[in-house]
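> Take this structure, written in structure tokens, and hold onto it; I'll ask about it next.
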Amino acid sequence: MASEKGSSVSGEPLPQTSYVLDERRRAALAEVDNAKFSWFHVKVCFVAGVGFFTDAYDIFAINIASTMLGYVYDPKHKSLSTNAGLGVKVATPVGTLVGQLLFGWLADVIGRKKMYGFELMIIIFATFAQALSANGPAVTIIGVLVVWRFLMGVGIGGDYPLSAVISSEFASTRTRGRLMTAVFAFQGWGQLAASLISVIVVAAYKDSIIGDVSPNFNAVDHCWRILIGMGCVPGVIALYFRLTIPETPRFTMDIERNIQQATKDIDTILATGANQSKSVSHQHLDAPVASWADFRAYFGQWKHLKVLIGTAYSWFALDIAFYGLGLNSSIILQAIGFGSAVSTGSRGVYDNLMNVSVGNVILSIAGLIPGYWASFLLIDKWGRKPIQLMGFILLTVLFIVMGFGYDALKGSASGKKAFVFLYCLANFFQNFGPNVTTFVIPGEVYPTRYRSTAHGISAASGKLGAIVAQVGFAQLANIGGSNAFVGHILEIFALFMLTGIFSTLLLPESKGKSLEELSEE
């Protein structure tokens with residue numbers, strides 16, 4: 001007999017029904033979904049975004065550093081051998097693939113907060129170790145760099161599912177696409193920073209490089225170490241904030257199944273932007289529990305499996321072209337005469353390094369960064385699916401023109417300028433297109449218990465595409481002569497962009513829908 005609703009005669013609270021707890025869950029999530037944009041959202045954006053800045057810097061700095069390594073460690077040919085260059089470049093995507101799968105799973109099992117920051121420690125340590133690498137009697141510097149870049153890749157891989165899911169689960173429905181895009185857009189600034197730092201370092205060592213009479217270009221050895229080592233700085237700045245970011249209320253509710261704690265956390269975060277409140281008594285929420293059997297049952301349904309196929313394959317197809325172009329932009333520039341130096345000797349080394357660095361700055365400003373922010377402006381208006389479809393369609397056309405017209409474009413001064421314009425346009429529509437949306441969509445369309453795991457699977461598929469692109473580019477580029485097969489590689493990219501159109505059709509539109517609507521929770 002209760003003296004009042006919710007209390008017994010003795011004053012002890014009655015056990016709450018699943019219905020009541022579910023209503024409390026709905027009300028709590030509605031607060032998050034309808035919250036106004038606040039300083040807390042800005043903090044989440046920058047804390048998650050700095051990770052992508054660091055990731056992009058570390059990944060794309062090697063594009064320029066590999067040219068420097070060739071001068072220092074293979075002075076006879078003044079470039080790394082095909083296998084050495086491939087090893088240095090592909091080690092990071094291989095590590096990233098491992099990290100995406102591992103950290104994606106751990107974030108769903110252990111928690112987003114408990115894993116966030118650990119991956120950044122790995123990146124910082126491995127990046128610093130690269131800058132201190134050297135030759136030894138038992139192992140070459142290339143072997144050492146491959147090991148450290150693989151380890152760095154594991155940390156970078158962890159950043160993808162963690163940052164995507166944390167920004168997604170904290171965002172309001174109205175601004176979720178823009179918040180996630182803003183986080184991912186830090187990648188563009190990281191790529192630009194790598195190129196700018198390279199310009200600054202090469203310019204600072206100009207006299208030393210030109211006056212260097214050593215057979216191994218000792219001054220250039222300084223340059224690549226500074227360029228790579230600077231990747232530590234933003235990571236160190238972001239580390240404290242990563243370690244102190246609060247757990248997402250959705251994980252607390254749906255995985256830890258503590259509705260009381262999650263509700264209190266939401267009130268604290270939205271009111272003050274602070275970390276979680278002190279622990280409160282556990283109120284058990286009845287929610288599906290993640291397990292291998294449940295995972296197979298959930299994705300065994302075609303309506304869910306087709307979404308996973310759509311997010312995974314779209315990212316795979318996109319990254320074949322994105323990393324094939326991005327990690328080899330210096331080769332592209334040199335192949336069309338845009339990055340090659342006219343002078344010889346030490347002066348030629350300086351000119352070539354400066355041209356490659358400046359060329360990458362131009363490509364970043366002309367295509368990469370504007371594309372990210374075009375997506376930012378329109379993703380919550382147009383929707384994710386239309387932007388991804390548009391991107392794949394236009395990229396198919398652009399790569400067909402660039403591939404089949406490669407020899408003709410390369411043959412004249414005006415043709416070279418046209419090729420550079422088309423290349424920048426391809427960069428633009430990669431980012432105002434599937435490069436952004438393949439990151440955003442997997443962070444929205446899966447249930448909380450598998451959101452990070454499924455994002456990790458999708459991202460790992462992308463990195464598999466990056467590996468395929470790197471291995472393929474290295475093996476095919478010089479068939480018939482130096483860079484003679486580049487045009488046909490661009491045609492292959494066009495084919496994969498075409499297949500991306502069809503995988504996009506498997507995806508739902510997530511604009512304006514809550515995470516629970518999308519995942520049917």
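The way I read the labels, and the way they are meant: chains A, B, ... in the order of the structure tokens, residue 1 as the first residue of every chain, and ligand 1 as the first ligand shown, with later ones counted on from there.
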For stretch 195-207 of chain A, please output as a PyMOL selection string all residues within 6 Å (counting only C-alpha atoms; exclusion window: fewer than 4 positions along the same chain).

chain A and resi 211+357+360-361

> Which residues are close to A:Ala408, i.e. within 12 Å by only C-alpha atoms, leaving aside same-chain residues fewer than 6 positions away? Reply as a list in words.

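Answer for this query is Ile336, Val401, Met402, Ser414, Gly415, Lys416, Lys417, Ala418, Phe419 and Gly487 of chain A.
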
> According to DSSP computed on the backbone, where in stretch 299-389 of chain A is there alpha helix (DSSP H)? Give the residues as a VMD selection string.

chain A and resid 299 302 to 326 329 to 335 345 to 363 369 to 382 384 to 389

> Residues within 10 Å of stretch 437-440 of chain A, please, as a CSV table (one decimal) with N, CA and C atoms, in the first residue's frame. Count only C-alpha atoms; anything in the same chain fewer than 5 positions from it doesn't count.


chain,number,residue,atom,x,y,z
A,160,TYR,N,39.3,7.9,-35.3
A,160,TYR,CA,38.2,8.0,-36.2
A,160,TYR,C,36.9,7.6,-35.5
A,161,PRO,N,36.7,6.4,-35.0
A,161,PRO,CA,35.4,6.0,-34.4
A,161,PRO,C,35.2,6.8,-33.1
A,164,ALA,N,34.2,10.5,-34.0
A,164,ALA,CA,32.9,10.6,-34.7
A,164,ALA,C,31.8,10.3,-33.7
A,165,VAL,N,31.9,9.3,-32.9
A,165,VAL,CA,30.8,8.9,-32.0
A,165,VAL,C,30.6,9.9,-30.9
A,167,SER,N,31.3,13.2,-30.9
A,167,SER,CA,30.7,14.4,-31.4
A,167,SER,C,29.3,14.1,-31.8
A,168,SER,N,29.0,12.9,-32.4
A,168,SER,CA,27.6,12.6,-32.8
A,168,SER,C,26.7,12.5,-31.6
A,176,ARG,N,23.9,18.4,-35.8
A,176,ARG,CA,24.8,17.3,-35.7
A,176,ARG,C,25.7,17.1,-36.9
A,177,GLY,N,25.1,17.3,-38.1
A,177,GLY,CA,25.9,17.2,-39.3
A,177,GLY,C,27.0,18.2,-39.4
A,178,ARG,N,26.7,19.5,-39.0
A,178,ARG,CA,27.7,20.5,-39.1
A,178,ARG,C,28.8,20.3,-38.0
A,179,LEU,N,28.4,19.9,-36.8
A,179,LEU,CA,29.4,19.6,-35.8
A,179,LEU,C,30.3,18.5,-36.2
A,180,MET,N,29.8,17.4,-36.7
A,180,MET,CA,30.7,16.3,-37.1
A,180,MET,C,31.6,16.7,-38.3
A,181,THR,N,31.0,17.5,-39.2
A,181,THR,CA,31.8,18.0,-40.4
A,181,THR,C,32.9,19.0,-39.9
A,183,VAL,N,34.4,18.9,-37.1
A,183,VAL,CA,35.4,18.1,-36.5
A,183,VAL,C,36.3,17.5,-37.6
A,184,PHE,N,35.7,16.9,-38.6
A,184,PHE,CA,36.4,16.3,-39.7
A,184,PHE,C,37.2,17.3,-40.5
A,310,GLY,N,26.8,-0.3,-47.3
A,310,GLY,CA,26.8,1.0,-47.9
A,310,GLY,C,27.8,1.9,-47.3
A,311,THR,N,27.9,2.0,-46.0
A,311,THR,CA,28.9,2.8,-45.3
A,311,THR,C,30.3,2.3,-45.6
A,312,ALA,N,30.5,1.0,-45.5
A,312,ALA,CA,31.9,0.4,-45.6
A,312,ALA,C,32.4,0.5,-47.0
A,313,TYR,N,31.6,0.1,-48.0
A,313,TYR,CA,32.0,0.1,-49.4
A,313,TYR,C,32.2,1.6,-49.9
A,314,SER,N,31.3,2.5,-49.5
A,314,SER,CA,31.4,3.9,-50.0
A,314,SER,C,32.8,4.4,-49.5
A,315,TRP,N,33.1,4.2,-48.3
A,315,TRP,CA,34.4,4.7,-47.8
A,315,TRP,C,35.6,4.0,-48.5
A,316,PHE,N,35.4,2.7,-48.7
A,316,PHE,CA,36.5,2.0,-49.5
A,316,PHE,C,36.7,2.6,-50.8
A,318,LEU,N,35.9,5.6,-52.0
A,318,LEU,CA,36.4,6.9,-51.9
A,318,LEU,C,37.9,7.0,-51.6
A,319,ASP,N,38.3,6.2,-50.6
A,319,ASP,CA,39.7,6.3,-50.2
A,319,ASP,C,40.7,5.8,-51.2
A,375,SER,N,30.8,21.6,-47.5
A,375,SER,CA,30.0,20.5,-46.8
A,375,SER,C,29.4,21.0,-45.5
A,379,ILE,N,25.4,20.5,-45.2
A,379,ILE,CA,25.1,19.2,-44.9
A,379,ILE,C,23.8,19.0,-44.1
A,383,GLY,N,21.3,17.5,-46.8
A,383,GLY,CA,21.3,16.1,-46.3
A,383,GLY,C,22.6,15.4,-46.7
A,384,ARG,N,22.9,14.3,-46.1
A,384,ARG,CA,24.1,13.6,-46.3
A,384,ARG,C,24.1,12.9,-47.6
A,385,LYS,N,23.0,12.1,-47.9
A,385,LYS,CA,23.0,11.3,-49.1
A,385,LYS,C,23.1,12.1,-50.4
A,386,PRO,N,22.3,13.2,-50.5
A,386,PRO,CA,22.5,14.0,-51.8
A,386,PRO,C,23.9,14.5,-52.0
A,387,ILE,N,24.6,14.9,-51.0
A,387,ILE,CA,25.9,15.4,-51.1
A,387,ILE,C,26.9,14.3,-51.5
A,388,GLN,N,26.7,13.1,-50.9
A,388,GLN,CA,27.5,12.0,-51.3
A,388,GLN,C,27.3,11.5,-52.7
A,389,LEU,N,26.0,11.4,-53.1
A,389,LEU,CA,25.7,11.1,-54.5
A,389,LEU,C,26.3,12.1,-55.5
A,391,GLY,N,28.8,14.0,-55.1
A,391,GLY,CA,30.3,13.9,-55.1
A,391,GLY,C,30.7,12.8,-56.0
A,430,GLN,N,35.8,15.8,-53.6
A,430,GLN,CA,36.0,14.7,-52.7
A,430,GLN,C,35.6,15.1,-51.3
A,431,ASN,N,35.9,16.4,-50.9
A,431,ASN,CA,35.5,16.9,-49.6
A,431,ASN,C,34.1,17.5,-49.5
A,432,PHE,N,33.7,18.1,-50.6
A,432,PHE,CA,32.3,18.5,-50.7
A,432,PHE,C,31.6,17.3,-51.4
A,445,VAL,N,23.9,6.2,-37.9
A,445,VAL,CA,22.9,5.3,-38.3
A,445,VAL,C,22.9,4.0,-37.6
A,455,HIS,N,31.3,2.1,-37.0
A,455,HIS,CA,32.0,3.1,-37.6
A,455,HIS,C,33.5,2.7,-37.8
A,458,SER,N,33.5,0.5,-40.9
A,458,SER,CA,33.4,1.3,-42.1
A,458,SER,C,34.7,2.1,-42.4
A,459,ALA,N,35.3,2.7,-41.4
A,459,ALA,CA,36.6,3.4,-41.5
A,459,ALA,C,37.7,2.5,-42.0
A,462,GLY,N,37.7,1.9,-45.5
A,462,GLY,CA,38.3,3.0,-46.2
A,462,GLY,C,39.8,2.9,-46.2
A,504,THR,N,26.0,4.1,-52.3
A,504,THR,CA,25.3,5.2,-51.6
A,504,THR,C,23.8,5.0,-51.6
A,510,SER,N,20.0,10.7,-43.0
A,510,SER,CA,20.0,11.0,-41.6
A,510,SER,C,19.7,12.4,-41.2

> Applying 12 Å and only C-alpha atoms, which residues near A:Met230 remain after dropping the ones on its own chain fewer than 3 positions away? List them as a VMD selection string.

chain A and resid 54 57 to 58 61 124 127 to 131 190 193 to 198 201 223 to 227 233 to 236

> Any chance you could tabulate, as CSV, the residues of stretch 460-490 of chain A at most 9 Å from stretch 92-99 of chain A with each one's nearest atom pair and distance in Å to one decimal, using only C-alpha atoms, in chain and rising number order?


residue,atom,partner,partner_atom,distance
A:Ala460,CA,A:Leu97,CA,4.6
A:Ser461,CA,A:Leu97,CA,7.6
A:Gly462,CA,A:Leu97,CA,8.3
A:Lys463,CA,A:Leu97,CA,5.6
A:Leu464,CA,A:Leu97,CA,6.9
A:Ala466,CA,A:Pro93,CA,6.6
A:Ile467,CA,A:Pro93,CA,6.2

> Hey, which of A:Leu101, A:Tyr450, A:Pro442, A:Ile479 ends up closest to A:Phe295? Count only C-alpha atoms.

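The shortest atom-to-atom distance to A:Phe295 comes from A:Tyr450.
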
> Using only C-alpha atoms, which of A:Phe502, A:Phe52, A:Phe60, A:Phe150 sits nearest A:Ser163?

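The shortest atom-to-atom distance to A:Ser163 comes from A:Phe52.
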
> Identify which of the residues A:Asp221, A:Asp351, A:Asp294, A:Asp108 lies closest to A:Thr252, counting only C-alpha atoms when measuring atom-to-atom distances.

A:Asp108

> For a test of reading the model, state the distance in Å between atom CA of A:Cys232 and atom CA of A:Phe125, rounded to one decimal.

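Between these atoms lies a distance of 8.0 Å.
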
> Could you check which of A:Ile209, A:Val154, A:Leu515, A:Val50 is closest to A:Gln100, using only C-alpha atoms?

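Closest to A:Gln100, using only C-alpha atoms: A:Val154.
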
> A:Phe217, A:Trp189, A:Phe429, A:Phe473: which is nearest A:Lys76, counting only C-alpha atoms?

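Ranked by minimum distance to A:Lys76, first place goes to A:Phe217.
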
> What separation in Å, quoted to one decimal, exists between atom CA of A:Asp74 and atom CA of A:Ala134?

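Result for atom CA of A:Asp74 versus atom CA of A:Ala134: 13.9 Å, one decimal.
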